[in-house]
Amino acid sequence: MRRKQFLLGAMVLLVSLLVVSCGIPQEEYDAVLAEQDATQAKVESLQTKVESLQGELDKAQGQIESIENDRSEVESDLTTAQSQISSLQSDLNDAKDNLAAVEAQIIKMEAILLFLDDFEDGDATGWNLEGGWSVIQEDGNYILQGVGSCSADVGPQEWTDYTLEARIKFSQSAKVNFRLTAELGMYFLNIVPEGPILNKKLLDEALLAKSGVSLQENQWIDLKIEIKRDRIVLYIDGNPILHYTDSEPLLSGTIGFESPENSVVYVDDVIVIVAK
């Protein structure tokens with residue numbers, strides 16, 4: 001035991017002698033060691049704070065990323081909502097435009113429509129019908145039928161420039177009257193398989209023009225007659241087939257249809273509008 005203590009004391013004395021022999025005072029050496037320890041402790045303390053701050057920074061970064069994700073979702077929802085609003089606004093504008101167009105068309109139709117009858121009410125109210133005319137059903141559709149020698153007319157004699165449109169089907173022949181007046185006479189279109197023939201009747205009948213376009217019996221045709229001042233234009237199924245200018249025109253009158261003897265005539269969708 002004494003020997004160990006002696007050896008330990010000798011080693012301490014030897015270290016002291018080595019320090020002294022190196023020219024570094026013991027006090028300075030102890031101070032440096034103390035400063036080193038203090039610095040090490042400070043470094044460790046700062047390292048702990050840095051680690052703590054890094055943890056808070058990581059947490060804050062996570063919160064920022066979460067907020068960024070939320071903002072991206074909100075911006076996406078906002079963009080979608082804005083797109084939907086834009087689409088709805090476009091639909092609203094289109095609807096307003098369509099409504100304005102329909103209203104304008106209604107106003108125009110009310111201004112220029114003189115007469116309309118598709119007979120879907122099952123009667124011919126307003127028509128002047130002779131005995132052979134009646135409203136019948138054909139394939140669920142109501143139409144006006146004339147059998148044998150009979151006539152039908154409608155409208156005031158004050159009509160002047162107008163367009164007459166109608167669907168017609170006939171066996172053997174049919175007549176379409178326009179600018180018909182009781183006192184002065186009328187124009188009439190004699191519809192026969194060889195083609196429509198335009199006539200004028202005052203005291204006597206006068207043939208004005210032939211179309212030369214053949215027609216089929218018992219088949220519906222779309223007929224349109226434009227009459228404006230002295231000019232008459234005839235259309236069959238949308239095609240203009242006859243033009244005539246009358247040097248001494250009849251200027252006003254109503255419209256009508258006739259079924260000649262031994263014929264059957266069918267009429268539907270009658271429209272009269274002011275000529276453009």
# chains A, B, ... in the order shown; residues from 1 in each chain; ligands from 1

call {"tool": "residues_around", "arguments": {"residues": "Leu129 in chain A", "least_positions_apart": "2", "cutoff": "9 Å", "atoms": "only C-alpha atoms", "output": "ChimeraX atom specification"}}
result
/A:124,127,131-134,150-154

call {"tool": "residues_around", "arguments": {"residues": "range 222-224 of chain A", "least_positions_apart": "4", "cutoff": "8 Å", "atoms": "only C-alpha atoms", "output": "list in words"}}
result
Thr163, Leu164, Glu165, Ala166, Arg167, Ile168, Leu234, Tyr235, Ile236, Asp237 and Gly238 of chain A

call {"tool": "residues_around", "arguments": {"residues": "Ser173 in chain A", "least_positions_apart": "3", "cutoff": "9 Å", "atoms": "only C-alpha atoms", "output": "list in words"}}
result
Phe170, Asn190, Ile191, Val192, Pro193, Glu217, Ser259, Pro260, Ser263, Val264 and Val265 of chain A

call {"tool": "write_last_selection", "arguments": {"atoms": "C-alpha atoms", "output": "mmCIF file, in the first residue's frame"}}
result
data_model
loop_
_atom_site.group_PDB
_atom_site.id
_atom_site.type_symbol
_atom_site.label_atom_id
_atom_site.label_comp_id
_atom_site.auth_asym_id
_atom_site.auth_seq_id
_atom_site.Cartn_x
_atom_site.Cartn_y
_atom_site.Cartn_z
ATOM 1 C CA PHE A 170 -105.213 15.309 -104.000
ATOM 2 C CA ASN A 190 -105.124 24.420 -110.728
ATOM 3 C CA ILE A 191 -103.141 21.473 -109.341
ATOM 4 C CA VAL A 192 -103.119 18.491 -111.682
ATOM 5 C CA PRO A 193 -100.664 15.616 -112.196
ATOM 6 C CA GLU A 217 -101.610 12.026 -106.889
ATOM 7 C CA SER A 259 -112.226 20.086 -104.611
ATOM 8 C CA PRO A 260 -113.453 19.567 -108.189
ATOM 9 C CA SER A 263 -111.894 14.514 -106.641
ATOM 10 C CA VAL A 264 -110.776 14.286 -103.038
ATOM 11 C CA VAL A 265 -108.560 17.034 -101.605
#

call {"tool": "closest_residue", "arguments": {"among": "A:Leu242, A:Ser76, A:Ala182, A:Gly62", "to": "Gly195 in chain A", "atoms": "only C-alpha atoms"}}
result
A:Leu242

call {"tool": "residues_around", "arguments": {"residues": "Val272 in chain A", "least_positions_apart": "3", "cutoff": "10 Å", "atoms": "only C-alpha atoms", "output": "ChimeraX atom specification"}}
result
/A:112-117,155,159,162-166,224-226,254-255,275
